[in-house]
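> Just one file: coords.pdb, with PDB, C-alpha atoms.
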ATOM      1  CA  MET A 246      81.575 157.046  69.075
ATOM      2  CA  ARG A 247      81.190 155.786  72.639
ATOM      3  CA  ALA A 248      79.504 152.617  71.369
ATOM      4  CA  ALA A 249      82.443 151.957  69.030
ATOM      5  CA  ILE A 250      84.881 152.306  71.914
ATOM      6  CA  LEU A 251      82.846 149.896  74.046
ATOM      7  CA  ILE A 252      82.645 147.364  71.227
ATOM      8  CA  GLY A 253      86.408 147.663  70.757
ATOM      9  CA  LEU A 254      86.953 147.097  74.466
ATOM     10  CA  LEU A 255      84.664 144.069  74.407
ATOM     11  CA  LEU A 256      86.680 142.577  71.585
ATOM     12  CA  LEU A 257      89.909 143.199  73.502
ATOM     13  CA  VAL A 258      88.684 141.760  76.819
ATOM     14  CA  PRO A 259      89.448 138.102  75.983
ATOM     15  CA  VAL A 260      92.931 139.072  74.808
ATOM     16  CA  LEU A 261      93.702 141.344  77.742
ATOM     17  CA  THR A 262      92.275 139.092  80.429
ATOM     18  CA  GLY A 263      93.529 135.822  78.997
ATOM     19  CA  CYS A 264      96.647 135.934  81.143
ATOM     20  CA  SER A 265      94.929 136.979  84.336
ATOM     21  CA  SER A 266      91.747 135.616  85.796
ATOM     22  CA  TYR A 267      90.339 136.180  89.236
ATOM     23  CA  ASP A 268      88.320 133.901  91.470
ATOM     24  CA  ALA A 269      85.035 135.235  92.765
ATOM     25  CA  PRO A 270      84.955 135.890  96.502
ATOM     26  CA  ARG A 271      83.331 133.170  98.593
ATOM     27  CA  LEU A 272      80.581 134.276 100.951
ATOM     28  CA  ALA A 273      79.114 132.447 103.915
ATOM     29  CA  VAL A 274      76.667 133.636 106.558
ATOM     30  CA  SER A 275      78.458 133.039 109.862
ATOM     31  CA  SER A 276      75.772 134.364 112.203
ATOM     32  CA  VAL A 277      72.331 135.929 112.445
ATOM     33  CA  VAL A 278      71.712 137.487 115.857
ATOM     34  CA  LEU A 279      69.143 139.697 117.512
ATOM     35  CA  ALA A 280      70.981 143.005 118.007
ATOM     36  CA  ASP A 281      68.220 145.229 119.402
ATOM     37  CA  ARG A 282      64.532 145.202 120.198
ATOM     38  CA  SER A 283      61.848 147.791 120.950
ATOM     39  CA  ASP A 284      58.060 147.693 120.981
ATOM     40  CA  GLU A 285      58.049 148.852 117.344
ATOM     41  CA  ALA A 286      60.910 146.915 115.760
ATOM     42  CA  VAL A 287      63.710 144.411 116.033
ATOM     43  CA  VAL A 288      67.169 144.689 114.514
ATOM     44  CA  LEU A 289      69.157 141.677 113.375
ATOM     45  CA  ASP A 290      72.839 141.640 112.528
ATOM     46  CA  VAL A 291      73.708 139.256 109.701
ATOM     47  CA  THR A 292      77.448 138.572 109.558
ATOM     48  CA  LEU A 293      79.035 137.412 106.313
ATOM     49  CA  ASP A 294      82.479 135.857 106.075
ATOM     50  CA  ALA A 295      83.921 137.081 102.768
ATOM     51  CA  GLU A 296      86.971 135.198 101.511
ATOM     52  CA  ASN A 297      89.243 136.417  98.724
ATOM     53  CA  SER A 298      91.667 133.757  97.468
ATOM     54  CA  ASN A 299      93.234 136.088  94.889
ATOM     55  CA  GLU A 300      96.670 137.660  95.156
ATOM     56  CA  VAL A 301      95.101 141.100  94.694
ATOM     57  CA  GLU A 302      92.472 143.066  96.579
ATOM     58  CA  LEU A 303      88.882 143.034  95.309
ATOM     59  CA  PRO A 304      86.863 146.245  95.660
ATOM     60  CA  LEU A 305      83.278 145.559  96.713
ATOM     61  CA  GLU A 306      80.434 147.595  95.269
ATOM     62  CA  THR A 307      76.976 146.725  96.647
ATOM     63  CA  ILE A 308      75.186 144.015  98.566
ATOM     64  CA  GLU A 309      71.521 143.304  97.850
ATOM     65  CA  TYR A 310      69.746 141.056 100.328
ATOM     66  CA  THR A 311      66.328 139.768 101.342
ATOM     67  CA  VAL A 312      65.294 138.288 104.688
ATOM     68  CA  LEU A 313      62.278 136.063 105.241
ATOM     69  CA  VAL A 314      60.937 135.157 108.679
ATOM     70  CA  ASP A 315      58.369 132.402 108.990
ATOM     71  CA  GLY A 316      58.067 132.354 105.185
ATOM     72  CA  ARG A 317      57.284 136.089 104.816
ATOM     73  CA  VAL A 318      59.578 138.752 103.392
ATOM     74  CA  VAL A 319      60.342 141.110 106.287
ATOM     75  CA  PHE A 320      63.266 143.025 104.807
ATOM     76  CA  GLU A 321      64.734 143.868 101.394
ATOM     77  CA  GLY A 322      67.654 146.190 100.980
ATOM     78  CA  THR A 323      70.705 147.306  99.084
ATOM     79  CA  ARG A 324      73.763 148.439 100.936
ATOM     80  CA  SER A 325      76.994 149.948  99.747
ATOM     81  CA  ALA A 326      79.660 147.412 100.639
ATOM     82  CA  GLU A 327      82.128 150.155 101.633
ATOM     83  CA  ALA A 328      84.978 147.672 101.699
ATOM     84  CA  THR A 329      87.773 146.088  99.753
ATOM     85  CA  LEU A 330      88.519 142.436 100.360
ATOM     86  CA  ARG A 331      92.156 142.071 101.283
ATOM     87  CA  ARG A 332      94.235 139.719  99.196
ATOM     88  CA  GLU A 333      94.320 136.070 100.225
ATOM     89  CA  GLY A 334      92.245 136.723 103.311
ATOM     90  CA  THR A 335      88.870 136.628 104.981
ATOM     91  CA  GLN A 336      86.994 139.471 106.578
ATOM     92  CA  GLN A 337      83.563 139.979 108.038
ATOM     93  CA  ILE A 338      80.796 142.202 106.736
ATOM     94  CA  VAL A 339      77.842 142.971 109.017
ATOM     95  CA  LEU A 340      74.480 143.613 107.365
ATOM     96  CA  PRO A 341      71.770 145.268 109.474
ATOM     97  CA  VAL A 342      68.175 144.081 109.151
ATOM     98  CA  ALA A 343      65.438 146.271 110.662
ATOM     99  CA  ILE A 344      62.059 144.568 111.008
ATOM    100  CA  ARG A 345      59.041 146.657 111.899
ATOM    101  CA  LEU A 346      56.754 144.785 114.260
ATOM    102  CA  ALA A 347      53.053 144.483 113.575
ATOM    103  CA  PRO A 348      50.618 144.305 116.517
ATOM    104  CA  ASP A 349      49.323 140.928 115.327
ATOM    105  CA  VAL A 350      52.869 139.472 114.912
ATOM    106  CA  PRO A 351      55.014 140.439 117.910
ATOM    107  CA  LEU A 352      57.907 138.091 116.923
ATOM    108  CA  ARG A 353      58.445 136.462 120.288
ATOM    109  CA  GLY A 354      60.125 133.094 120.563
ATOM    110  CA  GLU A 355      61.782 131.103 117.796
ATOM    111  CA  TYR A 356      61.045 131.490 114.083
ATOM    112  CA  PRO A 357      62.625 130.025 110.964
ATOM    113  CA  TYR A 358      64.471 132.517 108.786
ATOM    114  CA  ARG A 359      66.006 132.548 105.316
ATOM    115  CA  ILE A 360      68.377 135.087 103.883
ATOM    116  CA  ARG A 361      69.543 135.401 100.309
ATOM    117  CA  GLY A 362      71.567 138.019  98.546
ATOM    118  CA  ARG A 363      74.274 138.906  96.117
ATOM    119  CA  LEU A 364      77.444 140.915  96.229
ATOM    120  CA  THR A 365      78.639 142.983  93.276
ATOM    121  CA  TYR A 366      82.405 143.466  93.090
ATOM    122  CA  VAL A 367      85.020 144.867  90.717
ATOM    123  CA  THR A 368      87.888 142.818  89.330
ATOM    124  CA  PRO A 369      91.255 144.591  89.208
ATOM    125  CA  GLY A 370      92.502 146.546  86.215
ATOM    126  CA  GLU A 371      91.624 149.631  84.227
ATOM    127  CA  ILE A 372      89.753 147.719  81.522
ATOM    128  CA  ALA A 373      87.683 145.883  84.139
ATOM    129  CA  GLN A 374      86.859 149.212  85.809
ATOM    130  CA  LEU A 375      85.810 150.747  82.474
ATOM    131  CA  LEU A 376      83.578 147.785  81.690
ATOM    132  CA  PHE A 377      82.101 147.939  85.187
ATOM    133  CA  ASP A 378      81.410 151.672  84.948
ATOM    134  CA  ALA A 379      79.793 151.191  81.530
ATOM    135  CA  GLY A 380      77.546 148.474  82.940
ATOM    136  CA  VAL A 381      78.957 145.894  80.529
ATOM    137  CA  ARG A 382      80.527 143.585  83.120
ATOM    138  CA  ARG A 383      79.413 143.577  86.743
ATOM    139  CA  PRO A 384      80.584 140.390  88.438
ATOM    140  CA  ARG A 385      78.339 139.092  91.229
ATOM    141  CA  VAL A 386      78.403 136.289  93.719
ATOM    142  CA  GLY A 387      75.440 135.036  95.742
ATOM    143  CA  PHE A 388      74.909 133.856  99.292
ATOM    144  CA  ARG A 389      72.093 132.237 101.215
ATOM    145  CA  ASP A 390      71.399 130.798 104.626
ATOM    146  CA  GLU A 391      68.522 129.475 106.681
ATOM    147  CA  GLY A 392      67.988 128.536 110.266
ATOM    148  CA  VAL A 393      66.045 129.430 113.370
ATOM    149  CA  ILE A 394      66.392 132.655 115.330
ATOM    150  CA  ASP A 395      65.183 133.371 118.851
ATOM    151  CA  PHE A 396      63.463 136.755 119.064
ATOM    152  CA  GLY A 397      63.279 136.536 122.864
ATOM    153  CA  GLU A 398      60.364 136.522 125.251
TER     154      GLU A 398
END
Before anything else, please render the file you have as structure tokens.

Amino acid sequence: MRAAILIGLLLLVPVLTGCSSYDAPRLAVSSVVLADRSDEAVVLDVTLDAENSNEVELPLETIEYTVLVDGRVVFEGTRSAEATLRREGTQQIVLPVAIRLAPDVPLRGEYPYRIRGRLTYVTPGEIAQLLFDAGVRRPRVGFRDEGVIDFGE
């Protein structure tokens, strides 16, 4: 029965969404900074600028991201976005990155980094929410950045 309802919803989606489409949010990494340091670990704050050009708010679900330093994966995580992008606006989302330090790699000085990730969000409407909850339609948008970060002396 549930499968029949989902199939019916899938057939109705083009009809119901034909009059309303939504642009995906645009994401850009605006900064990657050293936030804290101890003998055991460093913490980076990665700040994303998230822009919503739609006339309606977009609820955000999760953010999955990976950070590489000097070509090695040093962090992988999934974070609940805990936000809704306001309509026709931009807001910042800060992603923490905790990197455990190894005795042979103290991370002092400058290193190249790369970050990549994707944000899962929900488009407005009851049908969109039903499809999202059923795992049928989960819109995502990616982001990436690279540069050099100074881990200090």
> Any chance you could work out the residue set of the PyMOL selection byres ((chain A and resi 288-304) around 9) here, as JSON, numbers by chain?
{"A": [267, 268, 269, 270, 271, 272, 273, 274, 275, 276, 277, 278, 279, 280, 281, 282, 283, 286, 287, 305, 306, 326, 327, 328, 329, 330, 331, 332, 333, 334, 335, 336, 337, 338, 339, 340, 341, 342, 343, 344, 345, 360, 366, 367, 368, 369, 388]}
> Let me make sure I understand: among A:Asp349, A:Thr307, A:Gly354, A:Arg359, which one has the smallest atom-to-atom distance to Arg383 (chain A) if we use all atoms listed in the file?
A:Thr307
> For the file shown, report as a PyMOL selection string the outcome of the PyMOL selection byres ((chain A and resi 319) around 10) at residue level.
chain A and resi 311-318+320-321+342-346+358
> Counting only C-alpha atoms, figure out which residue out of A:Val386, A:Val350, A:Val381, A:Leu375 gets nearest to Arg363 (chain A).
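Result for the nearest residue to Arg363 (chain A): A:Val386.
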> Quote the spacing between CA of Arg382 (chain A) and CA of Tyr310 (chain A) in Å to one decimal place.
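Distance between the two atoms: 20.5 Å.
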